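Novice: What follows is a structure written as C-alpha cells; I'll ask about it next.
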Amino acid sequence: MSLLNQSSDPSASSDVSFHIVGDAYIDFFCFLDGEWPENGGDSRLNQPVKCHAGGSSTNTATHLKSLLHFFAPMPSPITLEDTHDTTNGNNNTELVVEPSVKLHTVLNPYDHYGQILLDHAEYHGFPIHNCWTEEDAASNATTGHCIAIISGGERSFMTHQGVVENFDASHINIEEMIDAPTNLHLHIAGFYNIPGFWNGKLQEKVSLIRKQRQRRHPHKTTTVSLVTQHDATKVWDGGLKDLLLLLDFVIMNDLEAQSIVKQGGLNVENYEHEHLCWAEYFGALDKTCNVIVTRGEKGAIALRDKQILGKQKPIVVKAIDPTGAGDSFTAGFIHGLWSWKRAHPQSPPEQMNGGFRRELWPLVAIEEGMRWGVSVGSAAVLIRGASIPPKGEDIQAFLEQAKEPEYPIASEGYYSAEG
C-alpha cells in the first residue's frame with residue numbers, strides 16, 4: 001500500500017454518491033508550436049493529431065473517479081432504513097456503500113465517437129447513463145466532437161454539438177439521484193454548452209431533486225454544484241440567475257465571471273478590484289450560493305454574500321496542455337469538500353430557501369476544496385489530454401505546496417464588496 005492510501009486522508013470514504021450531468025465530446029487535439037496559418041495558408045504540426053474522450057462532464061467524472069481510486073476510498077455504513085427496506089423488521093442492519101461516480105450525458109452509441117466515450121468510461125470505472133432519445137436516433141445525429149488547438153499555452157476550440165444540441169433537462173432520469181440512500185453531490189457540467197438546460201428547464205429538475213430528497217432522506221446532505229463553461233452564443237444568460245438559488249456552488253473562470261457580470265449590468269471599472277465587482281453581483285442574486293472563480297496564475301477565489309471568503313494561492317507550473325484545467329480543478333474541489341466532510345461529520349448550519357434546506361458550507365471546507373482544486377489542476381495541465389488523470393503521487397506533491405491558503409486582506413479592500 002502506498003502512502004496515498006493511508007487513512008490520514010479519508011475523503012473518498014464519505015457516505016456520498018456523485019452524479020455528474022452534462023456534455024460529452026470527442027476531442028481532437030492539435031498542438032501548434034508555430035504561428036497560426038494565414039488565410040489560405042498552412043502550419044505544420046510537430047505531433048500527430050490525438051483523439052481523446054472529452055467534454056466537461058466526462059473530464060470531471062474521470063478525474064473525480066481517479067481521485068477516489070488514489071486517495072483511499074473506504075466503505076461507509078448505512079442502515080436499511082435509509083434504503084426503505086424494512087422487510088426484515090430490523091432497521092439497524094448495516095450495508096456497506098462505497099462512493100460512486102455516475103455520468104449522465106448523451107452520445108450516439110452506434111457511431112465511432114460514442115464508442116470511444118463508452119470505452120473510456122468502462123476503462124476508468126464509472127457507468128454512463130445515456131440520455132439518448134428516439135428523436136436523436138431518428139435524426140441520426142452524431143456524438144459531439146471538438147477540435148482543440150493548443151498554442152502558446154492557450155487553447156481555442158471548434159465544436160460540433162451533435163446530440164448535445166438536443167440534450168434537454170427533461171431527458172435526465174432523476175429518480176436514481178432522489179433515491180440514493182447516501183449523501184448526494186450532483187454536479188452540472190458545461191451549462192452554457194447545453195441550451196436544453198436553460199431558462200428554467202434544469203431549475204425544475206434540481207428543485208424536484210432537492211425537495212424529494214428532503215422528504216425521503218431528511219438526514220442526508222444534498223449538494224449541487226455547477227460549472228458555467230464558455231457561452232458560444234455570447235448572451236451569458238440562460239436563466240442562471242434563478243438557478244443560483246438552488247446551487248451550493250457555481251464554478252467559473254475569471255473570463256466567464258467578467259462576461260456574466262458585464263451582461264448583468266455592472267462595470268468592473270467602478271471597483272478597485274475586479275473580484276469585488278463579482279462579489280457584489282453574485283451576492284445580490286443569492287446570499288448563500290458559493291461562487292468559486294479560478295484565475296489561472298492568480299489561483300482561485302471564493303465569494304459569498306458580497307464578501308470575499310478566501311483566496312487560494314496558485315501553484316506556478318509551465319502548462320503543457322491547459323485544456324480541461326477547469327474540469328480537473330472542479331473534480332479536485334469536489335473531492336476536497338467531501339474530504340473535509342468526512343473528517344468533520346457534524347452537520348454545518350442550514351438555511352431554508354424555496355422550501356428546501358441548503359447547507360452553509362464553512363470556510364475551512366471551501367479552502368480545502370480550493371487546495372485540492374489547484375493541486376489537481378496543476379498536475380493535470382502537465383499532461384496532454386483533458387481526460388487523462390495525473391498520478392496520485394504528483395497530486396500529493398502539489399498538495400504539499402498548496403497547504404497555506406491566501407487569506408483576504410480587509411485593509412486592501414479584498415473582504416467586502418460594500419467597502
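Letters for chains follow the order of the C-alpha cells (A, B, ...), residue numbers begin at 1 for each chain, and ligand numbers begin at 1 in the order shown.
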Pull the closest atom pair for each residue of range 16-58 of chain A that gets at most 12 Å from range 154-157 of chain A, along with the distance in Å to one decimal, counting only C-alpha atoms, ordering rows by chain and then ascending residue number, as JSON lines.

Specialist:
```
{"residue": "A:Tyr25", "atom": "CA", "partner": "A:Phe157", "partner_atom": "CA", "distance": 12.0}
{"residue": "A:Asp27", "atom": "CA", "partner": "A:Phe157", "partner_atom": "CA", "distance": 9.4}
{"residue": "A:Phe28", "atom": "CA", "partner": "A:Phe157", "partner_atom": "CA", "distance": 9.7}
{"residue": "A:Phe29", "atom": "CA", "partner": "A:Phe157", "partner_atom": "CA", "distance": 9.6}
{"residue": "A:Cys30", "atom": "CA", "partner": "A:Arg155", "partner_atom": "CA", "distance": 9.6}
{"residue": "A:Phe31", "atom": "CA", "partner": "A:Arg155", "partner_atom": "CA", "distance": 9.2}
{"residue": "A:Leu32", "atom": "CA", "partner": "A:Arg155", "partner_atom": "CA", "distance": 9.9}
{"residue": "A:Asp33", "atom": "CA", "partner": "A:Glu154", "partner_atom": "CA", "distance": 11.4}
{"residue": "A:Trp36", "atom": "CA", "partner": "A:Ser156", "partner_atom": "CA", "distance": 11.4}
{"residue": "A:Gly55", "atom": "CA", "partner": "A:Phe157", "partner_atom": "CA", "distance": 11.6}
```

Novice: Residues of range 186-402 of chain A in alpha helix (DSSP H) according to DSSP, as a ChimeraX atom specification?

Specialist: /A:201-216,240-243,254-263,274-285,325-343,363-380,392-401

Novice: Set the distance at 6 Å and use only C-alpha atoms: which residues neighbour range 272-287 of chain A once local chain neighbours fewer than 4 positions away are removed? I'd like the list as a list in words.

Specialist: Val268, Leu303, Arg304, Asp305, Lys306, Gln307 and Ala417 of chain A

Novice: Please dump the current selection as an mmCIF file, in the first residue's frame; keep N, CA, C and O atoms.

Specialist:
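Resulting contents of out.cif:
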```
data_model
loop_
_atom_site.group_PDB
_atom_site.id
_atom_site.type_symbol
_atom_site.label_atom_id
_atom_site.label_comp_id
_atom_site.auth_asym_id
_atom_site.auth_seq_id
_atom_site.Cartn_x
_atom_site.Cartn_y
_atom_site.Cartn_z
ATOM 1 N N VAL A 268 -16.929 46.695 -14.179
ATOM 2 C CA VAL A 268 -15.823 46.362 -13.299
ATOM 3 C C VAL A 268 -14.921 47.563 -13.047
ATOM 4 O O VAL A 268 -14.222 47.640 -12.024
ATOM 5 N N LEU A 303 -16.336 33.450 -3.173
ATOM 6 C CA LEU A 303 -17.202 34.587 -2.873
ATOM 7 C C LEU A 303 -18.517 34.082 -2.285
ATOM 8 O O LEU A 303 -19.026 33.034 -2.692
ATOM 9 N N ARG A 304 -19.068 34.849 -1.337
ATOM 10 C CA ARG A 304 -20.408 34.554 -0.822
ATOM 11 C C ARG A 304 -20.959 35.781 -0.116
ATOM 12 O O ARG A 304 -20.244 36.431 0.654
ATOM 13 N N ASP A 305 -22.223 36.077 -0.373
ATOM 14 C CA ASP A 305 -22.918 37.163 0.317
ATOM 15 C C ASP A 305 -22.151 38.484 0.214
ATOM 16 O O ASP A 305 -21.939 39.188 1.200
ATOM 17 N N LYS A 306 -21.703 38.822 -1.007
ATOM 18 C CA LYS A 306 -20.994 40.059 -1.313
ATOM 19 C C LYS A 306 -19.631 40.154 -0.628
ATOM 20 O O LYS A 306 -19.066 41.243 -0.520
ATOM 21 N N GLN A 307 -19.118 39.026 -0.173
ATOM 22 C CA GLN A 307 -17.830 39.025 0.522
ATOM 23 C C GLN A 307 -16.842 38.095 -0.175
ATOM 24 O O GLN A 307 -17.224 37.127 -0.835
ATOM 25 N N ALA A 417 -17.511 43.570 -0.650
ATOM 26 C CA ALA A 417 -17.846 44.380 -1.816
ATOM 27 C C ALA A 417 -18.511 45.683 -1.409
ATOM 28 O O ALA A 417 -18.671 46.587 -2.222
#
```

Novice: A:His187, A:Arg384, A:Lys211, A:His124: which is nearest Leu67 in chain A, counting only C-alpha atoms?

Specialist: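 Among the listed residues, A:His124 lies closest to Leu67 in chain A.
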